[in-house]
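Printed here is work_12.cif (mmCIF, C-alpha atoms and all ligand atoms):
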```cif
data_start
loop_
_atom_site.label_atom_id
_atom_site.label_comp_id
_atom_site.auth_asym_id
_atom_site.auth_seq_id
_atom_site.Cartn_x
_atom_site.Cartn_y
_atom_site.Cartn_z
CA MET Q 617 92.78 110.35 82.55
CA ASN Q 618 89.38 108.73 82.88
CA ARG Q 619 89.41 104.98 82.33
CA THR Q 620 86.41 103.51 80.55
CA ASN Q 621 87.33 99.81 80.61
CA LYS Q 622 86.20 99.66 77.02
CA VAL Q 623 88.05 98.97 73.77
CA LEU Q 624 86.77 99.76 70.27
CA LEU Q 625 87.43 96.98 67.75
CA ILE Q 626 87.49 98.20 64.15
CA TYR Q 627 87.19 95.43 61.58
CA THR Q 628 88.45 96.41 58.12
CA GLY Q 629 88.87 92.89 56.68
CA GLY Q 630 91.92 90.78 55.90
CA THR Q 631 92.61 87.06 56.20
CA ILE Q 632 91.52 86.98 59.86
CA GLY Q 633 87.86 87.32 58.82
CA MET Q 634 88.01 85.55 55.46
CA GLY Q 635 86.38 82.37 54.21
CA CYS Q 636 86.66 80.34 50.99
CA ASP Q 637 84.62 81.37 47.99
CA PRO Q 638 83.05 78.01 46.99
CA ARG Q 639 83.23 78.99 43.31
CA THR Q 640 86.94 79.87 43.08
CA GLY Q 641 88.38 78.33 46.24
CA ALA Q 642 90.09 81.69 46.94
CA LEU Q 643 89.87 83.48 50.28
CA GLU Q 644 87.46 86.44 50.33
CA PRO Q 645 86.64 88.87 53.16
CA LEU Q 646 83.44 88.10 55.11
CA ASP Q 647 81.50 90.38 57.42
CA PHE Q 648 82.11 90.76 61.13
CA ASN Q 649 79.37 88.27 62.14
CA HIS Q 650 81.42 85.47 60.63
CA LEU Q 651 84.40 86.50 62.73
CA ALA Q 652 82.35 86.95 65.92
CA LYS Q 653 80.78 83.48 65.47
CA ASN Q 654 84.25 81.98 65.60
CA VAL Q 655 85.25 83.85 68.75
CA PRO Q 656 82.83 82.85 71.54
CA GLU Q 657 85.48 84.23 73.92
CA PHE Q 658 84.17 87.74 73.12
CA GLU Q 659 81.50 87.12 75.76
CA GLN Q 660 84.03 86.45 78.49
CA ILE Q 661 86.75 89.00 78.00
CA GLN Q 662 87.39 92.13 79.94
CA PRO Q 663 87.38 94.99 78.90
CA ASP Q 664 84.03 95.48 77.17
CA ILE Q 665 84.29 95.52 73.40
CA ASP Q 666 82.32 97.65 70.99
CA THR Q 667 82.76 96.97 67.30
CA PHE Q 668 82.73 98.91 64.06
CA GLN Q 669 83.08 97.29 60.68
CA PHE Q 670 84.00 98.39 57.17
CA VAL Q 671 81.13 97.59 54.81
CA PRO Q 672 82.10 95.68 52.83
CA ALA Q 673 85.15 94.21 54.55
CA ILE Q 674 88.21 94.49 52.28
CA ASP Q 675 91.38 92.71 51.38
CA SER Q 676 94.03 95.14 52.59
CA SER Q 677 95.37 95.45 49.03
CA ASP Q 678 92.35 97.73 48.55
CA ILE Q 679 93.15 100.14 51.41
CA THR Q 680 93.50 103.79 50.36
CA PRO Q 681 94.59 107.10 51.95
CA ALA Q 682 90.90 108.09 51.97
CA ARG Q 683 90.17 105.05 54.17
CA TRP Q 684 92.98 106.08 56.53
CA GLY Q 685 91.26 109.46 56.81
CA GLU Q 686 87.97 107.69 57.67
CA ILE Q 687 89.69 105.65 60.39
CA VAL Q 688 91.15 108.84 61.87
CA LYS Q 689 87.70 110.48 61.91
CA LEU Q 690 86.13 107.38 63.43
CA ILE Q 691 88.63 107.12 66.28
CA THR Q 692 88.67 110.88 66.90
CA LYS Q 693 84.89 110.94 67.32
CA ARG Q 694 85.06 108.20 69.95
CA TYR Q 695 88.48 109.03 71.40
CA TYR Q 696 87.34 109.68 74.96
CA ASN Q 697 84.87 106.76 75.08
CA TYR Q 698 87.57 104.06 74.97
CA ASP Q 699 90.80 103.11 76.70
CA GLY Q 700 92.27 101.94 73.42
CA PHE Q 701 91.57 100.83 69.87
CA VAL Q 702 92.24 97.60 67.98
CA ILE Q 703 92.17 97.59 64.18
CA LEU Q 704 91.77 94.23 62.45
CA HIS Q 705 93.49 94.60 59.09
CA GLY Q 706 94.94 92.45 56.33
CA THR Q 707 98.65 91.89 56.70
CA ASP Q 708 99.64 92.90 53.16
CA THR Q 709 99.44 96.66 53.73
CA MET Q 710 99.24 96.76 57.52
CA ALA Q 711 102.65 98.44 57.83
CA TYR Q 712 101.52 101.24 55.49
CA THR Q 713 98.32 101.81 57.46
CA ALA Q 714 100.18 101.74 60.78
CA SER Q 715 102.77 104.22 59.46
CA ALA Q 716 100.15 106.58 58.03
CA LEU Q 717 98.08 106.56 61.24
CA SER Q 718 101.18 107.25 63.35
CA PHE Q 719 101.59 110.59 61.53
CA MET Q 720 97.87 111.38 61.36
CA PHE Q 721 97.36 111.17 65.15
CA GLU Q 722 99.56 113.95 66.52
CA ASN Q 723 100.32 113.61 70.23
CA LEU Q 724 98.48 110.29 70.48
CA THR Q 725 97.68 109.54 74.12
CA LYS Q 726 95.96 106.13 73.71
CA PRO Q 727 96.97 102.76 72.24
CA ILE Q 728 95.97 101.92 68.68
CA ILE Q 729 96.92 98.30 67.94
CA LEU Q 730 96.74 96.82 64.44
CA THR Q 731 96.60 93.08 64.06
CA GLY Q 732 95.37 90.34 61.75
CA SER Q 733 96.37 86.78 60.97
CA GLN Q 734 97.96 84.47 58.46
CA LEU Q 735 95.19 81.85 58.76
CA PRO Q 736 91.47 82.74 58.92
CA ILE Q 737 89.91 82.71 62.37
CA GLY Q 738 87.55 79.90 61.29
CA GLN Q 739 90.44 77.46 60.75
CA LEU Q 740 91.61 75.16 63.53
CA ARG Q 741 95.26 76.22 63.45
CA THR Q 742 94.46 79.92 63.22
CA ASP Q 743 96.86 82.46 64.67
CA GLY Q 744 94.02 84.97 64.65
CA LYS Q 745 92.63 84.26 68.10
CA GLU Q 746 95.86 84.86 69.98
CA ASN Q 747 96.64 87.95 67.93
CA LEU Q 748 93.17 89.36 68.53
CA MET Q 749 92.90 88.57 72.25
CA THR Q 750 96.38 89.83 73.07
CA SER Q 751 95.83 93.02 71.07
CA ILE Q 752 92.68 93.75 73.04
CA GLU Q 753 94.56 93.23 76.31
CA LEU Q 754 97.40 95.47 75.14
CA ALA Q 755 94.96 98.20 74.12
CA ALA Q 756 93.52 98.12 77.65
CA ALA Q 757 96.83 97.86 79.53
CA TYR Q 758 97.40 100.86 81.78
CA HIS Q 759 99.89 101.92 84.46
CA SER Q 760 98.52 102.26 87.98
CA ASP Q 761 98.74 106.06 87.65
CA GLY Q 762 96.26 105.95 84.77
CA ARG Q 763 98.69 106.30 81.84
CA PRO Q 764 98.38 103.73 79.03
CA MET Q 765 101.28 101.30 78.73
CA VAL Q 766 101.64 101.88 74.98
CA PRO Q 767 100.29 105.23 73.74
CA GLU Q 768 101.42 104.52 70.18
CA VAL Q 769 100.17 103.15 66.87
CA CYS Q 770 101.50 99.57 67.02
CA VAL Q 771 101.45 96.32 65.13
CA TYR Q 772 100.94 93.20 67.25
CA PHE Q 773 101.77 89.84 65.72
CA ASN Q 774 102.91 86.45 66.99
CA GLY Q 775 103.98 87.55 70.47
CA HIS Q 776 105.69 90.80 69.46
CA LEU Q 777 104.43 94.34 69.83
CA LEU Q 778 106.12 96.64 67.31
CA ARG Q 779 106.12 100.36 66.69
CA GLY Q 780 103.77 100.62 63.70
CA ASN Q 781 105.90 102.98 61.63
CA ARG Q 782 108.95 100.72 62.09
CA SER Q 783 107.19 97.53 61.08
CA THR Q 784 107.46 95.61 57.81
CA LYS Q 785 105.75 92.47 56.59
CA GLN Q 786 108.63 90.05 56.37
CA ASN Q 787 106.99 86.70 55.72
CA ALA Q 788 103.97 85.66 53.65
CA GLU Q 789 103.81 82.18 55.12
CA GLU Q 790 105.04 81.90 58.69
CA PHE Q 791 103.04 83.14 61.65
CA ASN Q 792 105.90 85.54 62.44
CA ALA Q 793 104.76 87.88 59.68
CA PHE Q 794 106.14 91.20 60.98
CA ASP Q 795 109.27 92.65 62.44
CA SER Q 796 110.82 96.06 63.05
CA PHE Q 797 114.41 95.63 61.90
CA ASN Q 798 115.65 99.06 62.94
CA TYR Q 799 113.84 99.42 66.26
CA PRO Q 800 113.51 97.15 69.29
CA HIS Q 801 110.15 95.60 70.16
CA LEU Q 802 107.83 97.49 72.53
CA CYS Q 803 106.57 94.43 74.38
CA GLU Q 804 106.98 90.67 74.30
CA ALA Q 805 103.79 88.78 75.00
CA GLY Q 806 104.62 85.37 76.37
CA VAL Q 807 103.08 83.94 79.51
CA ASN Q 808 103.40 87.50 80.84
CA PHE Q 809 103.64 90.85 79.08
CA THR Q 810 107.19 92.24 79.21
CA PHE Q 811 106.96 95.92 78.29
CA LYS Q 812 110.21 97.59 77.19
CA GLU Q 813 109.30 100.93 78.66
CA HIS Q 814 112.38 102.80 77.52
CA ASN Q 815 111.45 101.99 73.90
CA ILE Q 816 107.91 103.33 74.21
CA MET Q 817 107.13 106.93 73.26
CA GLN Q 818 105.58 109.24 75.81
CA PRO Q 819 103.15 111.93 74.61
CA ASP Q 820 102.45 115.21 76.37
CA TYR Q 821 99.34 114.32 78.38
CA LYS Q 822 98.64 117.99 79.07
CA ARG Q 823 98.11 118.60 75.36
CA PRO Q 824 95.20 117.17 73.35
CA MET Q 825 95.58 114.64 70.57
CA VAL Q 826 95.42 116.47 67.22
CA PRO Q 827 93.93 114.47 64.32
CA HIS Q 828 94.97 115.01 60.69
CA THR Q 829 92.76 113.52 58.00
CA LYS Q 830 94.34 114.81 54.79
CA LEU Q 831 97.12 113.16 52.82
CA ASP Q 832 98.60 114.02 49.42
CA SER Q 833 99.48 110.85 47.53
CA ASN Q 834 101.47 112.45 44.67
CA VAL Q 835 104.33 110.20 45.64
CA THR Q 836 106.23 107.37 43.98
CA VAL Q 837 108.75 104.69 44.91
CA PHE Q 838 111.68 104.47 42.51
CA SER Q 839 113.85 101.42 43.04
CA LEU Q 840 117.39 101.32 41.60
CA PHE Q 841 118.86 98.24 39.93
CA PRO Q 842 121.91 97.70 37.73
CA GLY Q 843 120.83 98.51 34.19
CA VAL Q 844 118.16 101.06 35.04
CA GLU Q 845 117.41 102.93 31.79
CA GLU Q 846 117.49 106.72 31.53
CA ARG Q 847 114.37 106.82 29.31
CA ILE Q 848 112.29 104.89 31.84
CA ALA Q 849 113.69 106.68 34.91
CA ARG Q 850 112.93 110.02 33.23
CA HIS Q 851 109.35 108.93 32.62
CA ILE Q 852 108.91 108.19 36.33
CA LEU Q 853 110.80 111.14 37.80
CA GLU Q 854 109.20 113.69 35.48
CA ALA Q 855 105.60 112.52 36.00
CA PRO Q 856 103.33 115.57 36.11
CA GLY Q 857 102.25 116.54 39.63
CA LEU Q 858 104.81 114.30 41.33
CA ARG Q 859 105.87 115.89 44.65
CA GLY Q 860 107.65 113.12 46.53
CA ILE Q 861 110.01 110.33 45.46
CA VAL Q 862 111.23 107.57 47.73
CA MET Q 863 114.37 106.37 45.98
CA ARG Q 864 115.40 102.88 47.05
CA THR Q 865 119.19 102.91 46.87
CA TYR Q 866 121.91 100.34 47.50
CA GLY Q 867 123.51 99.61 50.88
CA SER Q 868 124.14 102.73 52.94
CA GLY Q 869 122.39 104.97 50.39
CA ASN Q 870 124.46 104.60 47.24
CA ALA Q 871 123.52 105.04 43.57
CA PRO Q 872 125.32 104.74 40.22
CA GLN Q 873 127.44 107.81 39.48
CA SER Q 874 126.10 108.21 35.95
CA SER Q 875 125.71 111.82 34.96
CA TRP Q 876 122.19 111.35 33.58
CA LEU Q 877 120.88 110.05 36.90
CA THR Q 878 122.51 112.84 38.89
CA ARG Q 879 121.08 115.38 36.43
CA LEU Q 880 117.59 113.87 36.51
CA LEU Q 881 117.54 113.86 40.31
CA LYS Q 882 118.82 117.43 40.47
CA GLU Q 883 116.16 118.57 38.00
CA ALA Q 884 113.42 116.78 39.94
CA SER Q 885 114.58 118.49 43.15
CA GLU Q 886 114.85 121.91 41.50
CA ASN Q 887 111.34 121.47 40.11
CA GLY Q 888 110.05 121.03 43.67
CA ALA Q 889 109.96 117.26 44.16
CA VAL Q 890 111.35 115.97 47.45
CA VAL Q 891 113.60 112.98 46.84
CA VAL Q 892 114.20 110.76 49.87
CA ASN Q 893 117.02 108.24 49.98
CA VAL Q 894 115.92 104.94 51.58
CA SER Q 895 118.10 101.84 51.47
CA GLN Q 896 117.01 98.59 49.85
CA CYS Q 897 118.55 96.80 52.84
CA ILE Q 898 116.07 95.53 55.35
CA SER Q 899 118.13 96.87 58.23
CA GLY Q 900 120.69 99.63 58.77
CA LYS Q 901 120.65 103.28 57.79
CA VAL Q 902 121.50 105.64 54.96
CA GLU Q 903 124.84 107.43 55.31
CA MET Q 904 125.41 109.54 52.23
CA ASN Q 905 128.86 110.65 53.47
CA ARG Q 906 130.26 107.17 53.50
CA TYR Q 907 130.99 106.48 49.81
CA GLY Q 908 131.49 108.69 46.79
CA ALA Q 909 128.51 106.89 45.26
CA GLY Q 910 126.36 108.32 48.04
CA TYR Q 911 128.03 111.68 48.46
CA GLN Q 912 127.09 112.86 44.96
CA LEU Q 913 123.42 112.40 45.86
CA LYS Q 914 123.69 115.10 48.52
CA ASP Q 915 124.73 117.53 45.80
CA SER Q 916 121.59 116.62 43.87
CA GLY Q 917 119.39 117.92 46.71
CA ILE Q 918 118.36 114.51 48.02
CA VAL Q 919 117.39 114.11 51.67
CA SER Q 920 118.34 111.14 53.78
CA GLY Q 921 115.65 108.69 54.80
CA TYR Q 922 117.91 107.61 57.71
CA ASP Q 923 116.77 104.16 58.89
CA SER Q 924 113.22 104.57 57.64
CA THR Q 925 111.15 101.79 56.17
CA VAL Q 926 109.73 102.43 52.70
CA GLU Q 927 106.25 102.30 54.23
CA ALA Q 928 107.08 105.08 56.70
CA ALA Q 929 108.88 107.24 54.12
CA VAL Q 930 105.98 107.05 51.63
CA THR Q 931 103.29 107.88 54.18
CA LYS Q 932 105.42 110.59 55.85
CA LEU Q 933 105.73 112.31 52.48
CA MET Q 934 101.95 112.01 51.94
CA TYR Q 935 101.37 113.55 55.36
CA LEU Q 936 103.87 116.39 54.96
CA GLN Q 937 102.75 117.20 51.40
CA ALA Q 938 99.22 117.70 52.72
CA GLN Q 939 100.58 120.06 55.40
CA PHE Q 940 103.04 122.17 53.42
CA ASN Q 941 103.39 123.58 49.91
CA ASP Q 942 107.03 124.55 50.26
CA PRO Q 943 109.33 121.62 49.36
CA ASN Q 944 112.07 123.04 51.60
CA LEU Q 945 109.75 122.81 54.60
CA ILE Q 946 108.94 119.22 53.66
CA ARG Q 947 112.68 118.46 53.39
CA LYS Q 948 113.23 120.02 56.82
CA HIS Q 949 110.55 117.83 58.39
CA MET Q 950 111.82 114.71 56.60
CA ASN Q 951 115.00 115.26 58.60
CA ARG Q 952 113.09 115.06 61.88
CA SER Q 953 111.37 112.28 63.68
CA ILE Q 954 107.63 112.98 63.84
CA ALA Q 955 106.41 109.78 65.49
CA GLY Q 956 109.58 107.81 66.23
CA GLU Q 957 109.89 106.58 62.62
CA ILE Q 958 113.60 107.41 62.21
CA THR Q 959 116.64 107.41 64.47
CA ILE Q 960 118.50 110.71 64.44
CA ASP Q 961 121.89 110.45 66.10
CA GLU Q 962 122.53 113.20 68.62
CA PHE Q 963 126.04 114.67 68.50
N1 LIG M 1001 95.54 89.49 51.35
C1 LIG M 1001 95.32 89.57 52.79
C2 LIG M 1001 95.14 91.04 53.15
O1 LIG M 1001 96.09 91.74 53.29
C3 LIG M 1001 96.46 88.97 53.53
C4 LIG M 1001 96.31 88.90 55.04
O2 LIG M 1001 95.43 89.47 55.65
O3 LIG M 1001 97.16 88.24 55.66
O4 LIG M 1001 94.02 91.47 53.29
#
```
Could you render the structure as structure tokens?
Amino acid sequence: MNRTNKVLLIYTGGTIGMGCDPRTGALEPLDFNHLAKNVPEFEQIQPDIDTFQFVPAIDSSDITPARWGEIVKLITKRYYNYDGFVILHGTDTMAYTASALSFMFENLTKPIILTGSQLPIGQLRTDGKENLMTSIELAAAYHSDGRPMVPEVCVYFNGHLLRGNRSTKQNAEEFNAFDSFNYPHLCEAGVNFTFKEHNIMQPDYKRPMVPHTKLDSNVTVFSLFPGVEERIARHILEAPGLRGIVMRTYGSGNAPQSSWLTRLLKEASENGAVVVNVSQCISGKVEMNRYGAGYQLKDSGIVSGYDSTVEAAVTKLMYLQAQFNDPNLIRKHMNRSIAGEITIDEF
């Protein structure tokens, strides 16, 4: 592997680069010059940084699958010119972007680190500087034999490096905005970096990275709650063109045993939609064998989401739907880990 000692910084927007609109007092994304003005340290840091910015910069609520495709194209074009990539992104949808990118870069052999901040970089108490500087260092961190320390799509925030497709935004206020509840951290960044090497994925360095730019977003998230009405559930589950449903169930993957729900789910599956069972719990996994209220779902053709986050399940469906027409093939791949997003117990 040829080292370049260079990192590409991609600025998409988010709080880190925002300033107050004098008219409304609300935070709005500003261009990269505003951010760079507040980080004189750019001049001093190693490695060298090149930058690319979204024009205009966006609040991450406005991110789309098409934008994810653009990011994949951008990185692919410059893949061999950089040791790693840092993406500055709003926190609101960062876990979705990180999950999507983890599937779209097959056999990723370089670090892609997403970060942002809770306070704009222009404010005195900003968390943006530390998040940014540490992410750049992590993107450029290599073993002495030339392999990158973290050849994964990651989220870095507040001292923790997380697998991107395991991360979730957990707090809208504290600096500790992200965690990965079902997977250990990849590195702790304190005074020193402590890499947890056994948690970090290793690609096949003899094979090239394979980019995928297409996603199919005919997907929905259907969350259960006591009192869910048949008429409304039918409207959602029978939406024309719908190919993937992430059903947010209770506990270890349980749902009410009402015959209309079982029938609706069975019909959706028979009509070619892939229904994935993901728990509403923030941690733990789906086990449909555990209770009768989960077991019946297996008979309705539903696949387990294991210990997936909603963000990973939604984007995995988008990725697989763009790859395959056959719902059975999609179901088969939902039962496998593509980029470390689920834990499959080996027996
Ligand atoms: N609304 C902002 C965004 O996601 C929040 C943030 O960056 O923290 O773009």
Counting all atoms listed in the file, closest pick from Q:Thr742, Q:Gln873, Q:Asn944, Q:Gln669 relative to Glu686 in chain Q is Q:Gln669
Using all atoms listed in the file, which protein or nucleic acid residues come within 8 Å of range 744-747 of chain Q? Drop anything in the same chain fewer than 3 positions from it, and give the result as a PyMOL selection string. chain Q and resi 632+655+731-737+750-751+772-775
Could you give me the residues within 12 Å of ligand LIG 1001 (chain M), counting all atoms listed in the file, as a count of residues only? 53
Contacts of Ala757 in chain Q at 9 Å or less, counting all atoms listed in the file, minus same-chain residues fewer than 5 places along, as a count of residues only? 8
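Across Q:Asn941, Q:Thr725, Q:Asn618, Q:Thr931, the tightest approach to Gln818 in chain Q is made by Q:Thr725 when counting only C-alpha atoms.
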Please determine an axis-aligned box that encloses all atoms of range 735-748 of chain Q listed in the file, with 6 Å added on each side, and express its centre and edge lengths in Å to one decimal as AutoDock Vina command-line options.
```
--center_x 92.2 --center_y 82.3 --center_z 64.4 --size_x 21.3 --size_y 26.2 --size_z 23.2
```
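Distance annotation: of Q:Lys812, Q:Arg859, Q:His759, Q:His650, the residue with the minimal separation from Glu886 in chain Q is Q:Arg859; atom set is all atoms listed in the file.
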Please output range 818-829 of chain Q, rebuilt to include all heavy atoms, as a PDB file, in the frame of the given file.
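In the end it all went to result29.pdb:
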```
ATOM      1  N   GLN Q 818     106.473 108.628  74.839  1.00  0.00           N
ATOM      2  CA  GLN Q 818     105.580 109.240  75.810  1.00  0.00           C
ATOM      3  C   GLN Q 818     105.044 110.553  75.246  1.00  0.00           C
ATOM      4  O   GLN Q 818     105.815 111.439  74.907  1.00  0.00           O
ATOM      5  CB  GLN Q 818     106.314 109.501  77.136  1.00  0.00           C
ATOM      6  CG  GLN Q 818     106.679 108.235  77.903  1.00  0.00           C
ATOM      7  CD  GLN Q 818     105.475 107.324  78.164  1.00  0.00           C
ATOM      8  OE1 GLN Q 818     104.368 107.799  78.441  1.00  0.00           O
ATOM      9  NE2 GLN Q 818     105.672 106.014  78.050  1.00  0.00           N
ATOM     10  N   PRO Q 819     103.718 110.676  75.119  1.00  0.00           N
ATOM     11  CA  PRO Q 819     103.150 111.930  74.610  1.00  0.00           C
ATOM     12  C   PRO Q 819     103.099 112.976  75.722  1.00  0.00           C
ATOM     13  O   PRO Q 819     103.435 112.670  76.865  1.00  0.00           O
ATOM     14  CB  PRO Q 819     101.733 111.508  74.215  1.00  0.00           C
ATOM     15  CG  PRO Q 819     101.399 110.403  75.169  1.00  0.00           C
ATOM     16  CD  PRO Q 819     102.683 109.685  75.455  1.00  0.00           C
ATOM     17  N   ASP Q 820     102.663 114.172  75.376  1.00  0.00           N
ATOM     18  CA  ASP Q 820     102.450 115.210  76.370  1.00  0.00           C
ATOM     19  C   ASP Q 820     100.973 115.121  76.785  1.00  0.00           C
ATOM     20  O   ASP Q 820     100.090 115.546  76.043  1.00  0.00           O
ATOM     21  CB  ASP Q 820     102.776 116.576  75.742  1.00  0.00           C
ATOM     22  CG  ASP Q 820     102.569 117.705  76.728  1.00  0.00           C
ATOM     23  OD1 ASP Q 820     102.027 117.456  77.821  1.00  0.00           O
ATOM     24  OD2 ASP Q 820     102.960 118.839  76.388  1.00  0.00           O
ATOM     25  N   TYR Q 821     100.723 114.560  77.969  1.00  0.00           N
ATOM     26  CA  TYR Q 821      99.340 114.320  78.380  1.00  0.00           C
ATOM     27  C   TYR Q 821      98.590 115.617  78.694  1.00  0.00           C
ATOM     28  O   TYR Q 821      97.377 115.615  78.839  1.00  0.00           O
ATOM     29  CB  TYR Q 821      99.288 113.371  79.589  1.00  0.00           C
ATOM     30  CG  TYR Q 821      99.634 111.947  79.200  1.00  0.00           C
ATOM     31  CD1 TYR Q 821     100.867 111.402  79.488  1.00  0.00           C
ATOM     32  CD2 TYR Q 821      98.701 111.159  78.527  1.00  0.00           C
ATOM     33  CE1 TYR Q 821     101.194 110.102  79.118  1.00  0.00           C
ATOM     34  CE2 TYR Q 821      99.004 109.854  78.141  1.00  0.00           C
ATOM     35  CZ  TYR Q 821     100.253 109.339  78.442  1.00  0.00           C
ATOM     36  OH  TYR Q 821     100.556 108.059  78.065  1.00  0.00           O
ATOM     37  N   LYS Q 822      99.328 116.714  78.800  1.00  0.00           N
ATOM     38  CA  LYS Q 822      98.640 117.990  79.070  1.00  0.00           C
ATOM     39  C   LYS Q 822      98.070 118.589  77.780  1.00  0.00           C
ATOM     40  O   LYS Q 822      97.228 119.454  77.799  1.00  0.00           O
ATOM     41  CB  LYS Q 822      99.617 118.983  79.718  1.00  0.00           C
ATOM     42  CG  LYS Q 822      99.989 118.559  81.140  1.00  0.00           C
ATOM     43  CD  LYS Q 822     100.548 119.718  81.903  1.00  0.00           C
ATOM     44  CE  LYS Q 822     101.962 119.661  82.303  1.00  0.00           C
ATOM     45  NZ  LYS Q 822     103.027 118.959  81.806  1.00  0.00           N
ATOM     46  N   ARG Q 823      98.604 118.101  76.647  1.00  0.00           N
ATOM     47  CA  ARG Q 823      98.110 118.600  75.360  1.00  0.00           C
ATOM     48  C   ARG Q 823      97.097 117.611  74.778  1.00  0.00           C
ATOM     49  O   ARG Q 823      97.190 116.408  75.026  1.00  0.00           O
ATOM     50  CB  ARG Q 823      99.279 118.693  74.368  1.00  0.00           C
ATOM     51  CG  ARG Q 823     100.101 119.963  74.498  1.00  0.00           C
ATOM     52  CD  ARG Q 823     101.213 119.940  73.453  1.00  0.00           C
ATOM     53  NE  ARG Q 823     100.721 119.578  72.124  1.00  0.00           N
ATOM     54  CZ  ARG Q 823     101.374 118.808  71.247  1.00  0.00           C
ATOM     55  NH1 ARG Q 823     102.555 118.308  71.550  1.00  0.00           N
ATOM     56  NH2 ARG Q 823     100.857 118.521  70.066  1.00  0.00           N
ATOM     57  N   PRO Q 824      96.150 118.112  73.971  1.00  0.00           N
ATOM     58  CA  PRO Q 824      95.200 117.170  73.350  1.00  0.00           C
ATOM     59  C   PRO Q 824      95.830 116.420  72.186  1.00  0.00           C
ATOM     60  O   PRO Q 824      96.852 116.857  71.651  1.00  0.00           O
ATOM     61  CB  PRO Q 824      94.089 118.095  72.840  1.00  0.00           C
ATOM     62  CG  PRO Q 824      94.749 119.412  72.624  1.00  0.00           C
ATOM     63  CD  PRO Q 824      95.893 119.508  73.611  1.00  0.00           C
ATOM     64  N   MET Q 825      95.207 115.324  71.808  1.00  0.00           N
ATOM     65  CA  MET Q 825      95.580 114.640  70.570  1.00  0.00           C
ATOM     66  C   MET Q 825      95.058 115.504  69.418  1.00  0.00           C
ATOM     67  O   MET Q 825      93.938 116.031  69.491  1.00  0.00           O
ATOM     68  CB  MET Q 825      94.934 113.244  70.565  1.00  0.00           C
ATOM     69  CG  MET Q 825      95.234 112.415  69.351  1.00  0.00           C
ATOM     70  SD  MET Q 825      94.226 112.791  67.927  1.00  0.00           S
ATOM     71  CE  MET Q 825      92.668 112.025  68.339  1.00  0.00           C
ATOM     72  N   VAL Q 826      95.860 115.659  68.365  1.00  0.00           N
ATOM     73  CA  VAL Q 826      95.420 116.470  67.220  1.00  0.00           C
ATOM     74  C   VAL Q 826      95.306 115.568  65.993  1.00  0.00           C
ATOM     75  O   VAL Q 826      96.309 115.044  65.507  1.00  0.00           O
ATOM     76  CB  VAL Q 826      96.452 117.599  66.923  1.00  0.00           C
ATOM     77  CG1 VAL Q 826      95.946 118.495  65.790  1.00  0.00           C
ATOM     78  CG2 VAL Q 826      96.753 118.404  68.177  1.00  0.00           C
ATOM     79  N   PRO Q 827      94.078 115.355  65.495  1.00  0.00           N
ATOM     80  CA  PRO Q 827      93.930 114.470  64.320  1.00  0.00           C
ATOM     81  C   PRO Q 827      94.205 115.207  63.008  1.00  0.00           C
ATOM     82  O   PRO Q 827      93.906 116.395  62.885  1.00  0.00           O
ATOM     83  CB  PRO Q 827      92.452 114.073  64.388  1.00  0.00           C
ATOM     84  CG  PRO Q 827      91.776 115.206  65.098  1.00  0.00           C
ATOM     85  CD  PRO Q 827      92.789 115.839  66.012  1.00  0.00           C
ATOM     86  N   HIS Q 828      94.772 114.483  62.052  1.00  0.00           N
ATOM     87  CA  HIS Q 828      94.970 115.010  60.690  1.00  0.00           C
ATOM     88  C   HIS Q 828      94.345 114.010  59.732  1.00  0.00           C
ATOM     89  O   HIS Q 828      94.675 112.821  59.779  1.00  0.00           O
ATOM     90  CB  HIS Q 828      96.458 115.155  60.374  1.00  0.00           C
ATOM     91  CG  HIS Q 828      97.165 116.091  61.310  1.00  0.00           C
ATOM     92  ND1 HIS Q 828      97.241 117.437  61.097  1.00  0.00           N
ATOM     93  CD2 HIS Q 828      97.803 115.861  62.481  1.00  0.00           C
ATOM     94  CE1 HIS Q 828      97.907 118.011  62.086  1.00  0.00           C
ATOM     95  NE2 HIS Q 828      98.264 117.070  62.949  1.00  0.00           N
ATOM     96  N   THR Q 829      93.462 114.478  58.864  1.00  0.00           N
ATOM     97  CA  THR Q 829      92.760 113.520  58.000  1.00  0.00           C
ATOM     98  C   THR Q 829      93.200 113.601  56.536  1.00  0.00           C
ATOM     99  O   THR Q 829      92.840 112.755  55.735  1.00  0.00           O
ATOM    100  CB  THR Q 829      91.234 113.749  58.054  1.00  0.00           C
ATOM    101  OG1 THR Q 829      90.996 115.119  57.768  1.00  0.00           O
ATOM    102  CG2 THR Q 829      90.671 113.405  59.415  1.00  0.00           C
TER     103      THR Q 829
END
```
